[in-house]
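Input: a single structure, listed below in structure tokens.
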Amino acid sequence: MSEDIIRRDPRAEWIARNRLHPLHQTMQASPAETRGPSGLIRRNPHAVGFIGPNGIKRIDRMNASGPATVGGRRAAGAAKEVELPLHRVENPDYYIAVVPDMVGGRLNGHDKDVIGQAHKLIGEIGGNGAVLTIVFGEHREEAFDKAGVDRLLHLQGDEYEGYSPELRVAALAQVEKEYAPRYWLLPDSVAAGFELGCRLAARIGERPATQAWQVGAEQTICRGAGGTSDITRQTPRLLLLAEECADQIDETRHEVLPVELVGTVAGHASIRDCGQVAVDPNAIPLAEAEFILSAGNGVSDWAQFHQAAEALGATEGASRVAVDDGNMPRFRQVGATGTWVTARVYVAVGISGAIQHMQGIGQCDKVIAINTDVGCDMVKRAALSVIGDSSEVLAELIRLAKAHRQEVVENAA
Amino acid sequence: MILDWLLPILISAALLLAVAGMLKRISLWRAGQPEKVNFFSGLMAMPRRYLVDLHHVVERDKYMSKTHVATAGGFVLSMVLILAVHLFGIENRWLSYALLGALVLMFVGSFFVWKRRRNPPSRLSKGPWMRLPKSLLMFAVSFFIATLPAAGILPEAFGGWVLAVLLAAGIVWGLGELVFGMAWGGPMKHAFAGALHLAFHRRPERFGGGRSTGLKPVDLNAAKLGVEKPTDFKWNQLLGFDACVQCGKCEAMCPAFAAGQPLNPKKLIQDMVVGLAGGSDAKFAGSPYPGRDVGFAVGGPNKSITEGLVSPDTLWSCTTCRACVEECPMMIEHVDAIVDMRRFLTLEKGNTPNKGAEVLENLIATDNPSGFNPGSRMNWAADQNLRVMKDVKEVDVLFWVSDGAFDMRSQRILRAFVKVLKAAKVDFAVLGDEERDSGDVARRLGDDATFQSLAKRNIAALSQYKFNRIVTTDPHAFHCLKNEYPDLYPAGQKPAYEVLHHTTFINELVKAELLNLSEFKGGTVTYHDPCYLGRYNGEYDSPRELLKELGIELAEMERSGFRSRCCGGGGGAPITDIPGERRIADMRMEEVRAVGAELVAVGCQQCTAMLEGVVEPRAEVKDIAELVAEALVEEVSPAPAKSREQSKVAKKPLAEEVS
Amino acid sequence: MQPDKQNASLRITALVSVGKHPGSGRARRAEQDARAVEMAMTLAPEGLEVLHAGDPQADSLRAYAGMGLKRLRVLQQGTNADAVPALSQYLKQQKPDIILTGVRAESGESSGMTPYLLGEALGLPVVTRIAEIVSIDHGEANLLQALPRGQRRALRVPLPFVASVDMAAAAPRQSAFGPASRADLESQDIGMAVMDEVKAAWSEAPARKRPKRLKVVKAKTAADRFKAATAKSSGDGGKVLRDKPASEMAQAVFDLLLEEGVLR
């Protein structure tokens with residue numbers, strides 16, 4: 001927000017006026033190109049470049065060090081939303097159906113990858129193909145057009161809210177009947193795509209390619225044997241796509257024309273959704289936890305540590321010493337002699353990093369160290385290290401997390 | 001005179017009852033599983049085993065060995081003479097004098113036993129064992145007075161019937177304890193069972209200065225694997241349990257007991273006795289398993305041991321350090337018994353605690369305990385230019401890398417050792433990806449099936465190549481290769497190589513002047529004997545000689561050599577992780593601190609890991625290979641560029657290896 | 001193990017497959033299938049049948065038996081046969097109350113289709129990724145379904161049904177060698193072998209490493225592209241914050257957590 005407010009910089013203006021000021025040159029608005037009186041573009045060769053530190057004139061063609069216009073808006077805030085060209089499909093010859101996960105009511109990266117794959121297939125097949133996206137229940141997505149949705153089939157109704165795979169498959173079967181899409185593409189995700197795809201495949205009798213990651217109109221490569229082998233096969237009609245299977249759409253806008261189902265969906269739900277159950281993040285097995293807050297010898301206030309883990313929604317871990325001292329249970333121990341963790345983010349509080357511990361966190365993506373010793377191994381390993389008293393930092397983190405939660409709640413309301 | 005006719009009756013009654021009791025006891029042992037022993041040669045060897053091998057162990061406590069010689073010798077001698085004088089009535093004055101002499105000897109011995117028992121250390125059992133010295137004294141005194149008339153020192157009718165009744169009572173007490181009690185489970189049982197135990201010992205190799213430490217393989221086709229009930233033990237194992245004198249030497253040495261884990265080797269053996277005879281441990285008068293009360297354990301010959309008699313936690317607390325076995329004057333094999341029972345829990349019940357199941361599953365699926373890709377076994381040596389057996393086929397020394405290859409700390413030891421090997425220009429190679437875990441952990445966790453599978457595949461890999469010796473930096477692998485693999489070679493084949501620990505091998509290199517070493521500069525150094533190197537393989541000297549060669553004057557810890565205390569890392573103990581009050585490694589580091597050492601030299605990666613796991617500040621921990629590698633003097637004359645490069649690698653700072 | 005959970009008359013069939021260790025590629029007991037067996041053993045130790053379609057000689061099947069099974073039924077099939085027709089034919093006869101499978105096999109196609117195809121063939125509801133069968137009453141089962149990041153959803157399904165068991169379910173008990181080697185592998189030739197002809201046309205190779213997608217900078221000018229290409233990658237070298245107020249340092253940590261999207 002603050003970038004948009006125009007502020008005057010009296011000092012800069014003064015320098016711009018004062019030709020004798022040593023910084024005067026840099027404050028000049030780029031005068032290199034001006035329109036002459038005859039309307040021709042005039043270039044002032046003297047105004048180009050600047051005198052480098054060794055006294056030699058330098059020309060900065062990137063204009064990287066170019067001055068911001070005096071008193072003008074800052075460049076960052078000025079970037080304008082570019083209107084992308086609209087991609088139109090009139091009277092499509094065929095459809096490619098995409099059923100996105102819509103986690104949280106929005107398209108996620110995986111969904112967009114799948115839509116990108118659909119367009120890639122259309123590009124390969126040629127002809128007038130349209131991407132038909134089927135969305136169940138309420139959604140909050142505003143940018144279907146930029147994601148590449150040509151046609152949107154929005155199936156609304158109470159029956160599609162919550163966990164309703166049987167009815168959704170019935171609806172998809174109806175789509176199959178009415179639109180006969182050339183391909184069915186679904187994200188092969190834990191969220192919903194895998195389940196829905198398999199159900200649909202069983203229903204319409206297609207043999208899907210699962211975890212497909214290189215898909216062409218002819219041939220598909222998909223992962224088999226629990227991700228340890230690549231199966232090359234003819235591209236089937238129904239594909240469950242791995243993440244990053246294709247590039248997302250980012251250079252075109254699409255129509256997002258609404259379409260409807262003509263017939264009625266005949267389905268019967270025998271599975272009843274009784275709602276989500278509250279789960280303590282600490283009940284998540286350490287090896288599978290995505291976000292671990294781990295405590296070591298440097299933690300003194302254990303109540304605060306537990307509080308921090310709760311506030312951040314992190315699974316708790318511990319170093320061997322913390323476990324041996326009885327501050328944490330044994331199954332929380334991280335390391336070669338404890339659990340080998342795969343967390344994406346690992347926050348090590350007061351852990352100096354014994355070699356066994358470092359081995360145990362070898363697969364962690366981002367390590368954050370909170371420690372008093374700048375020379376310890378954990379700090380060397382960490383992407384971000386904070387040198388200071390752990391209890392102070394944790395207290396601040398708890399405060400930030402609470403404020404963040406508040407904000408989220410307010411935004412959602 | 002009453003005694004004239006009473007004495008023979010008492011003696012013969014006691015003897016008859018004793019024989020009956022002995023037969024009953026023997027039948028209890030025979031309920032165990034059959035095991036082939038050579039009865040005749042065992043019995044023939046028994047006196048020597050008793051007088052030499054057993055005495056050798058008892059001799060570690062001079063006071064006790066002397067009193068025991070006097071008491072036991074006096075008793076055996078006087079018993080023989082009592083039979084002659086009082087039962088068969090041989091009237092020979094000299095015989096009577098001899099008997100008096102023997103009884104005096106016994107009295108003196110018993111007196112010192114009694115004196116020691118006045119303020120007994122906690123390791124000793126109380127109860128009937130407190131009565132024993134008094135019974136011994138009573139036996140000696142009663143028979144002494146009763147023999148005086150026969151020796152002609154006192155008149156026949158001296159003292160009248162009062163004395164006669166008193167003497168009779170004393171003799172009944174003495175005979176009851178020493179003859180009847182010997183056969184019916186009194187403290188003197190140890191003499192009877194102990195003698196037979198020595199004769200029919202399961203590891204006769206241990207006598208005469210030998211060593212037998214490898215576990216016995218399980219017949220995997222048996223109907224039941226491991227020991228569930230007391231009768232599943234071999235009969236001579238049951239006999240061995242009965243030989244226990246409850247001296248508590250094992251308890252005093254046991255690291256798990258000291259750490260407050262629920263294990264006391266003495267109580268365990270006594271529980272086995274309860275099991276084989278049936279009943280409860282209510283009469284046990286020694287230290288309990290730490291944290292567990294005595295009196296609730298109930299067992300019988302055909303009752304499952306872990307259901308009521310011994311808690312599985314007790315069995316899983318053992319680090320298999322063999323300190324108890326080493327210390328036991330009766331040469332009881334505690335570790336064998338514990339592993340036998342663990343085998344049942346793992347192989348039949350699938351009840352290996354904590355990370356045990358996971359480790360075993362990893363060993364089965366990947367041949368290493370942490371489940372690493374077996375193809376990455378040589379990753380540690382990517383910069384070492386090691387020759388692999390598959391390429392060279394024939395070599396002098398095969399370097400057995402062990403699972404340290406997967407552990408970053410152990411890799412430093414491996415690199416240091418490679419540096420030493422290269423400096424001495426040893427002709428060596430490694431098995432590379434053909435090597436598998438030695439099976440040590442699997443075997444100690446009771447999974448003999450996995451051990452045998454690993455061992456057989458390792459043997460197959462070894463059999464393809466020609467080499468003279470295997471050298472390894474891991475004492476556990478060393479022990480398996482040396483002592484346990486020979487049992488698993490295909491029939492008719494034998495290992496055609498020698499197995500050495502790296503300290504022994506480097507010591508040889510130093511003696512052959514193949515290494516140019518500089519003096520060690522640093523503070524006080526102590527040496528921690530790894531159990532699997534020391535007690536399991538008797539290698540106490542090479543590491544010490546080597547350290548001396550480096551110019552290190554060792555500050556020996558109180559528990560060192562054959563009495564070294566375990567680091568807590570053996571027998572899968574860190575995996576089963578039975579909670580105690582302290583950590584064994586912390587206690588060991590406390591001992592290091594007590595001698596003021598700034599550096600502990602070790603010869604085992606497991607010990608290194610355990611001791612380095614102690615919270616700083618503490619002494620630095622280094623493998624001897626690392627100390628030697630640091631002391632290597634690079635030859636100034638045309639040093640090959642390669643070796644210089646390697647030394648650079650070895651000196652890489654810690655941070656590089658971590659990142 | 002709670003007795004109230006056990007159901008004497010309940011009949012559960014757990015389908016097991018030959019697993020594959022991701023590191024060594026060696027055959028083993030599949031982790032999810034083992035959890036299915038564990039779930040069934042806890043719930044109905046009496047009415048449990050463990051079923052496999054394939055090679056009765058496969059050693060790794062014994063690893064399931066090592067969990068304490070007396071017998072394991074194998075529908076004998078060649079390696080190229082499709083397991084689903086054989087299984088559905090057998091299960092149509094047996095009519096168990098609950099059919100448990102893993103979510104995805106560790107070897108072969110591992111498409112995860114088996115439970116759905118069985119559900120379709122037998123006309124039974126299919127529940128995906130269950131973590132626990134909480135209770136069974138009035139002919140319906142109360143289930144907990146595993147959601148990503150350790151979350152759970154409560155479901156209610158009428159018996160009989162097919163369910164795939166998630167990794168979040170209770171870990172399987174240890175497989176013991178003794179019972180494993182003694183268990184009875186009852187091999188049954190059900191007289192039907194539907195060859196998987198589609199699969200025959202496929203080619204299979206060890207998985208290639210997939211390149212991770214880089215953050216593509218859509219640059220309009222050469223200079224921007226140059227900038228993007230030469231920008232210091234954020235990966236190397238950690239940032240160290242020190243001697244700053246705790247609030248500022250905590251903010252940096254918090255921002256990173258937000259950026260990584262681990263805060264909910």
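In the structure tokens, the first chain shown is A, the next is B, and so on; residue numbers restart at 1 for each chain, and ligands run from 1 in the order shown.
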Practice task
Write out as a ChimeraX atom specification which residues come within 8 Å of A:Glu310 when counting only C-alpha atoms, dropping same-chain ones fewer than 4 positions away.
Solution key: /A:281,306,314
Output the selection as a PDB file, in the first residue's frame - N, CA, C and O atoms for each residue.
```
ATOM      1  N   PRO A 281      -1.651 -31.685  16.005  1.00  0.00           N
ATOM      2  CA  PRO A 281      -0.488 -31.852  15.118  1.00  0.00           C
ATOM      3  C   PRO A 281       0.545 -32.804  15.700  1.00  0.00           C
ATOM      4  O   PRO A 281       1.319 -33.421  14.979  1.00  0.00           O
ATOM      5  N   HIS A 306       6.250 -26.029  24.010  1.00  0.00           N
ATOM      6  CA  HIS A 306       5.026 -26.723  23.600  1.00  0.00           C
ATOM      7  C   HIS A 306       3.990 -25.726  23.089  1.00  0.00           C
ATOM      8  O   HIS A 306       3.281 -25.971  22.122  1.00  0.00           O
ATOM      9  N   ALA A 314       2.931 -26.837  14.548  1.00  0.00           N
ATOM     10  CA  ALA A 314       4.050 -27.687  14.147  1.00  0.00           C
ATOM     11  C   ALA A 314       4.044 -28.977  14.949  1.00  0.00           C
ATOM     12  O   ALA A 314       3.541 -29.025  16.071  1.00  0.00           O
TER      13      ALA A 314
END
```
Give me the residues of chain A that have any atom at most 10 Å from an atom of chain B; for each, the nearest atom pair and the distance in Å, rounded to one decimal. Use only C-alpha atoms, sort by chain and number, and format it as a Markdown table.
```
| residue | atom | partner | partner_atom | distance |
| --- | --- | --- | --- | --- |
| A:Asn297 | CA | B:Val615 | CA | 8.7 |
| A:Arg320 | CA | B:Gly613 | CA | 8.1 |
| A:Val321 | CA | B:Val615 | CA | 7.1 |
| A:Asp324 | CA | B:Arg583 | CA | 7.9 |
| A:Asp325 | CA | B:Arg582 | CA | 9.4 |
| A:Arg330 | CA | B:Asp577 | CA | 8.9 |
| A:Phe331 | CA | B:Asn354 | CA | 8.9 |
| A:Ala336 | CA | B:Ser370 | CA | 8.0 |
| A:Thr337 | CA | B:Ile575 | CA | 7.8 |
| A:Gly338 | CA | B:Lys355 | CA | 8.4 |
| A:Thr339 | CA | B:Lys355 | CA | 9.5 |
| A:Trp340 | CA | B:Ser370 | CA | 9.4 |
| A:Gly353 | CA | B:Val658 | CA | 9.1 |
| A:Ala354 | CA | B:Gly613 | CA | 8.1 |
| A:Ile355 | CA | B:Arg409 | CA | 6.6 |
| A:Gln356 | CA | B:Met408 | CA | 7.7 |
| A:Met358 | CA | B:Val658 | CA | 6.8 |
| A:Gln359 | CA | B:Met408 | CA | 7.7 |
| A:Gly362 | CA | B:Ser659 | CA | 8.9 |
| A:Gly375 | CA | B:Ala655 | CA | 9.6 |
| A:Cys376 | CA | B:Ala655 | CA | 8.8 |
| A:Asp377 | CA | B:Ala655 | CA | 6.4 |
| A:Met378 | CA | B:Val658 | CA | 8.9 |
| A:Lys380 | CA | B:Ala655 | CA | 7.0 |
| A:Arg381 | CA | B:Ser659 | CA | 5.6 |
| A:Ala382 | CA | B:Ser659 | CA | 9.2 |
```
Saved selection, atoms kept: C-alpha atoms, as an mmCIF file, in the first residue's frame:
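Saved to part-v8.cif:
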```cif
data_model
loop_
_atom_site.group_PDB
_atom_site.id
_atom_site.type_symbol
_atom_site.label_atom_id
_atom_site.label_comp_id
_atom_site.auth_asym_id
_atom_site.auth_seq_id
_atom_site.Cartn_x
_atom_site.Cartn_y
_atom_site.Cartn_z
ATOM 1 C CA ASN A 297 19.639 -28.815 24.927
ATOM 2 C CA ARG A 320 18.680 -37.032 21.673
ATOM 3 C CA VAL A 321 19.808 -35.014 24.655
ATOM 4 C CA ASP A 324 17.581 -38.464 27.448
ATOM 5 C CA ASP A 325 17.000 -35.697 29.926
ATOM 6 C CA ARG A 330 11.625 -41.115 23.011
ATOM 7 C CA PHE A 331 9.448 -41.311 19.906
ATOM 8 C CA ALA A 336 20.080 -41.344 12.846
ATOM 9 C CA THR A 337 19.296 -43.096 16.123
ATOM 10 C CA GLY A 338 15.761 -41.733 16.279
ATOM 11 C CA THR A 339 13.413 -40.916 13.460
ATOM 12 C CA TRP A 340 14.584 -39.880 10.027
ATOM 13 C CA GLY A 353 23.587 -30.444 15.591
ATOM 14 C CA ALA A 354 25.328 -33.659 16.534
ATOM 15 C CA ILE A 355 26.281 -35.574 13.451
ATOM 16 C CA GLN A 356 23.580 -38.196 14.022
ATOM 17 C CA MET A 358 22.191 -33.861 11.031
ATOM 18 C CA GLN A 359 21.865 -37.194 9.289
ATOM 19 C CA GLY A 362 19.196 -34.776 5.753
ATOM 20 C CA GLY A 375 29.541 -21.591 15.127
ATOM 21 C CA CYS A 376 27.461 -24.714 15.613
ATOM 22 C CA ASP A 377 26.795 -27.179 12.840
ATOM 23 C CA MET A 378 23.085 -26.560 12.783
ATOM 24 C CA LYS A 380 25.965 -24.039 9.045
ATOM 25 C CA ARG A 381 23.237 -26.285 7.708
ATOM 26 C CA ALA A 382 20.371 -23.857 8.141
#
```
Problem - atom CA of A:Phe194 to atom CA of A:Ala209, distance in Å rounded to a single decimal - result: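 Between atom CA of A:Phe194 and atom CA of A:Ala209 the gap works out to 10.9 Å.
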Handout entry: stretch 208-261 of chain B: residues DSSP assigns to alpha helix (DSSP H), reported as a ChimeraX atom specification
Key = /B:235-242,249-253,255-258
Check every residue of chain A for an atom within 7 Å of chain C, counting only C-alpha atoms, and provide those that qualify as an mmCIF file with N, CA and C atoms, in the first residue's frame.
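Saved as selection-v9.cif:
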```cif
data_model
loop_
_atom_site.group_PDB
_atom_site.id
_atom_site.type_symbol
_atom_site.label_atom_id
_atom_site.label_comp_id
_atom_site.auth_asym_id
_atom_site.auth_seq_id
_atom_site.Cartn_x
_atom_site.Cartn_y
_atom_site.Cartn_z
ATOM 1 N N MET A 62 21.438 -1.496 -18.920
ATOM 2 C CA MET A 62 20.310 -2.105 -18.225
ATOM 3 C C MET A 62 19.506 -1.052 -17.489
ATOM 4 N N VAL A 190 -3.494 -36.536 -3.321
ATOM 5 C CA VAL A 190 -4.126 -37.111 -2.141
ATOM 6 C C VAL A 190 -5.452 -36.407 -1.881
ATOM 7 N N ALA A 191 -5.505 -35.122 -2.278
ATOM 8 C CA ALA A 191 -6.658 -34.307 -1.908
ATOM 9 C C ALA A 191 -7.965 -34.925 -2.386
ATOM 10 N N GLU A 195 -8.683 -40.250 -5.956
ATOM 11 C CA GLU A 195 -9.858 -41.047 -5.623
ATOM 12 C C GLU A 195 -10.938 -40.918 -6.704
ATOM 13 N N CYS A 198 -9.943 -42.634 -9.978
ATOM 14 C CA CYS A 198 -10.050 -44.087 -9.938
ATOM 15 C C CYS A 198 -11.506 -44.524 -9.981
ATOM 16 N N ARG A 199 -12.334 -43.804 -9.230
ATOM 17 C CA ARG A 199 -13.760 -44.159 -9.231
ATOM 18 C C ARG A 199 -14.346 -44.014 -10.635
ATOM 19 N N ALA A 202 -13.141 -46.746 -12.931
ATOM 20 C CA ALA A 202 -13.841 -48.000 -12.702
ATOM 21 C C ALA A 202 -15.259 -47.925 -13.258
ATOM 22 N N ARG A 203 -15.879 -46.740 -13.151
ATOM 23 C CA ARG A 203 -17.245 -46.589 -13.592
ATOM 24 C C ARG A 203 -17.360 -46.644 -15.114
ATOM 25 N N THR A 210 -1.692 -43.580 -14.128
ATOM 26 C CA THR A 210 -1.601 -42.848 -12.864
ATOM 27 C C THR A 210 -0.200 -42.301 -12.692
ATOM 28 N N ARG A 223 4.602 -43.083 -13.622
ATOM 29 C CA ARG A 223 5.358 -43.780 -12.586
ATOM 30 C C ARG A 223 4.604 -45.029 -12.141
ATOM 31 N N GLY A 224 5.340 -46.129 -12.002
ATOM 32 C CA GLY A 224 4.745 -47.340 -11.473
ATOM 33 C C GLY A 224 5.542 -47.820 -10.286
ATOM 34 N N ALA A 225 5.145 -48.956 -9.762
ATOM 35 C CA ALA A 225 5.862 -49.612 -8.674
ATOM 36 C C ALA A 225 6.198 -48.647 -7.543
ATOM 37 N N GLY A 226 5.186 -47.921 -7.113
ATOM 38 C CA GLY A 226 5.382 -47.012 -5.995
ATOM 39 C C GLY A 226 6.379 -45.919 -6.290
ATOM 40 N N GLY A 227 6.406 -45.479 -7.542
ATOM 41 C CA GLY A 227 7.285 -44.373 -7.898
ATOM 42 C C GLY A 227 8.703 -44.785 -8.215
ATOM 43 N N THR A 228 8.966 -46.089 -8.295
ATOM 44 C CA THR A 228 10.340 -46.504 -8.545
ATOM 45 C C THR A 228 10.575 -46.920 -9.993
ATOM 46 N N SER A 229 9.518 -46.922 -10.800
ATOM 47 C CA SER A 229 9.758 -47.267 -12.197
ATOM 48 C C SER A 229 8.941 -46.359 -13.111
ATOM 49 N N ASP A 230 9.347 -46.276 -14.358
ATOM 50 C CA ASP A 230 8.635 -45.496 -15.359
ATOM 51 C C ASP A 230 7.990 -46.447 -16.346
ATOM 52 N N ILE A 231 6.678 -46.292 -16.517
ATOM 53 C CA ILE A 231 5.987 -47.122 -17.487
ATOM 54 C C ILE A 231 5.701 -46.257 -18.712
ATOM 55 N N THR A 232 6.149 -46.706 -19.850
ATOM 56 C CA THR A 232 5.844 -45.990 -21.094
ATOM 57 C C THR A 232 4.710 -46.731 -21.785
ATOM 58 N N ARG A 233 3.654 -46.029 -22.085
ATOM 59 C CA ARG A 233 2.471 -46.699 -22.620
ATOM 60 C C ARG A 233 1.723 -45.760 -23.547
ATOM 61 N N GLU A 244 3.427 -30.924 -11.766
ATOM 62 C CA GLU A 244 4.376 -30.368 -12.725
ATOM 63 C C GLU A 244 4.476 -31.211 -13.989
ATOM 64 N N SER A 270 -23.771 -43.980 -0.415
ATOM 65 C CA SER A 270 -23.882 -44.846 0.750
ATOM 66 C C SER A 270 -22.888 -44.444 1.839
ATOM 67 N N ILE A 271 -21.878 -43.654 1.456
ATOM 68 C CA ILE A 271 -20.919 -43.195 2.456
ATOM 69 C C ILE A 271 -21.430 -41.882 3.029
ATOM 70 N N ARG A 272 -21.516 -41.817 4.337
ATOM 71 C CA ARG A 272 -21.992 -40.595 4.969
ATOM 72 C C ARG A 272 -20.814 -39.843 5.569
ATOM 73 N N ASP A 273 -20.721 -38.564 5.253
ATOM 74 C CA ASP A 273 -19.641 -37.737 5.776
ATOM 75 C C ASP A 273 -20.069 -37.196 7.128
ATOM 76 N N CYS A 274 -19.339 -37.573 8.164
ATOM 77 C CA CYS A 274 -19.687 -37.099 9.505
ATOM 78 C C CYS A 274 -18.780 -35.949 9.937
ATOM 79 N N GLY A 275 -18.123 -35.347 8.987
ATOM 80 C CA GLY A 275 -17.338 -34.152 9.312
ATOM 81 C C GLY A 275 -15.912 -34.457 9.706
ATOM 82 N N GLN A 276 -15.114 -33.402 9.652
ATOM 83 C CA GLN A 276 -13.690 -33.566 9.959
ATOM 84 C C GLN A 276 -13.482 -33.668 11.463
ATOM 85 N N VAL A 277 -12.482 -34.411 11.841
ATOM 86 C CA VAL A 277 -12.187 -34.622 13.250
ATOM 87 C C VAL A 277 -10.974 -33.772 13.589
ATOM 88 N N VAL A 279 -7.570 -32.899 14.853
ATOM 89 C CA VAL A 279 -6.388 -33.715 15.101
ATOM 90 C C VAL A 279 -5.278 -32.831 15.640
ATOM 91 N N ILE A 284 0.531 -36.456 14.555
ATOM 92 C CA ILE A 284 1.056 -36.821 13.241
ATOM 93 C C ILE A 284 2.400 -37.501 13.444
ATOM 94 N N ALA A 289 5.586 -35.795 9.242
ATOM 95 C CA ALA A 289 5.221 -34.407 9.503
ATOM 96 C C ALA A 289 5.902 -33.494 8.493
ATOM 97 N N PHE A 291 6.091 -30.107 8.972
ATOM 98 C CA PHE A 291 6.635 -28.939 9.642
ATOM 99 C C PHE A 291 6.950 -29.349 11.077
ATOM 100 N N LEU A 312 2.147 -22.496 16.270
ATOM 101 C CA LEU A 312 2.584 -22.568 14.881
ATOM 102 C C LEU A 312 1.956 -23.749 14.153
ATOM 103 N N GLY A 313 1.330 -24.638 14.897
ATOM 104 C CA GLY A 313 0.762 -25.824 14.275
ATOM 105 C C GLY A 313 1.831 -26.779 13.798
ATOM 106 N N ALA A 382 21.678 -24.502 8.235
ATOM 107 C CA ALA A 382 20.371 -23.857 8.141
ATOM 108 C C ALA A 382 20.313 -22.850 7.004
ATOM 109 N N ALA A 383 19.108 -22.719 6.448
ATOM 110 C CA ALA A 383 18.875 -21.695 5.430
ATOM 111 C C ALA A 383 18.730 -20.335 6.102
ATOM 112 N N LEU A 384 18.207 -20.374 7.313
ATOM 113 C CA LEU A 384 18.067 -19.132 8.068
ATOM 114 C C LEU A 384 18.426 -19.434 9.516
ATOM 115 N N SER A 385 19.336 -18.634 10.043
ATOM 116 C CA SER A 385 19.712 -18.848 11.435
ATOM 117 C C SER A 385 19.446 -17.587 12.217
ATOM 118 N N VAL A 386 18.951 -17.780 13.403
ATOM 119 C CA VAL A 386 18.691 -16.660 14.283
ATOM 120 C C VAL A 386 19.535 -16.883 15.514
ATOM 121 N N ILE A 387 20.449 -15.957 15.771
ATOM 122 C CA ILE A 387 21.332 -16.130 16.911
ATOM 123 C C ILE A 387 20.769 -15.315 18.061
ATOM 124 N N GLY A 388 20.343 -15.992 19.070
ATOM 125 C CA GLY A 388 19.764 -15.276 20.192
ATOM 126 C C GLY A 388 19.138 -16.238 21.173
ATOM 127 N N GLU A 392 13.198 -15.936 23.970
ATOM 128 C CA GLU A 392 12.721 -14.643 23.466
ATOM 129 C C GLU A 392 12.158 -14.793 22.060
ATOM 130 N N VAL A 393 12.913 -15.516 21.231
ATOM 131 C CA VAL A 393 12.472 -15.690 19.846
ATOM 132 C C VAL A 393 11.174 -16.475 19.805
ATOM 133 N N GLU A 396 8.248 -14.324 20.678
ATOM 134 C CA GLU A 396 7.862 -13.476 19.548
ATOM 135 C C GLU A 396 7.108 -14.282 18.496
ATOM 136 N N LEU A 397 7.598 -15.503 18.260
ATOM 137 C CA LEU A 397 6.948 -16.355 17.258
ATOM 138 C C LEU A 397 5.514 -16.678 17.671
#
```
Exercise for the section: Output as a list of chain:residue names the set of chain C residues within 8 Å of chain B, with distances taken over only C-alpha atoms. Expected result: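 That gives C:His21, C:Gly23, C:Ser24, C:Arg26, C:Ala27, C:Arg28, C:Gly66, C:Met67, C:Arg173, C:Gln174, C:Ser175, C:Ala176, C:Phe177, C:Gly178, C:Pro179 for chain C.
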Practice task
Fewer than 4 positions away in the same chain doesn't count, so skip those; otherwise give me all residues within 7 Å of stretch 81-89 of chain C, counting only C-alpha atoms, as a ChimeraX atom specification.
Solution key: /C:53,77,93,114,118,121-122,192-196
Exercise for the section: Per DSSP on the backbone, filter stretch 136-325 of chain A down to the residues in strand (DSSP E or B) and report them as a PyMOL selection string. Expected result: chain A and resi 136+151-155+183-187+209-215+219-224+229-234+238-241+253-254+257-259+272-277+291-295+315-318
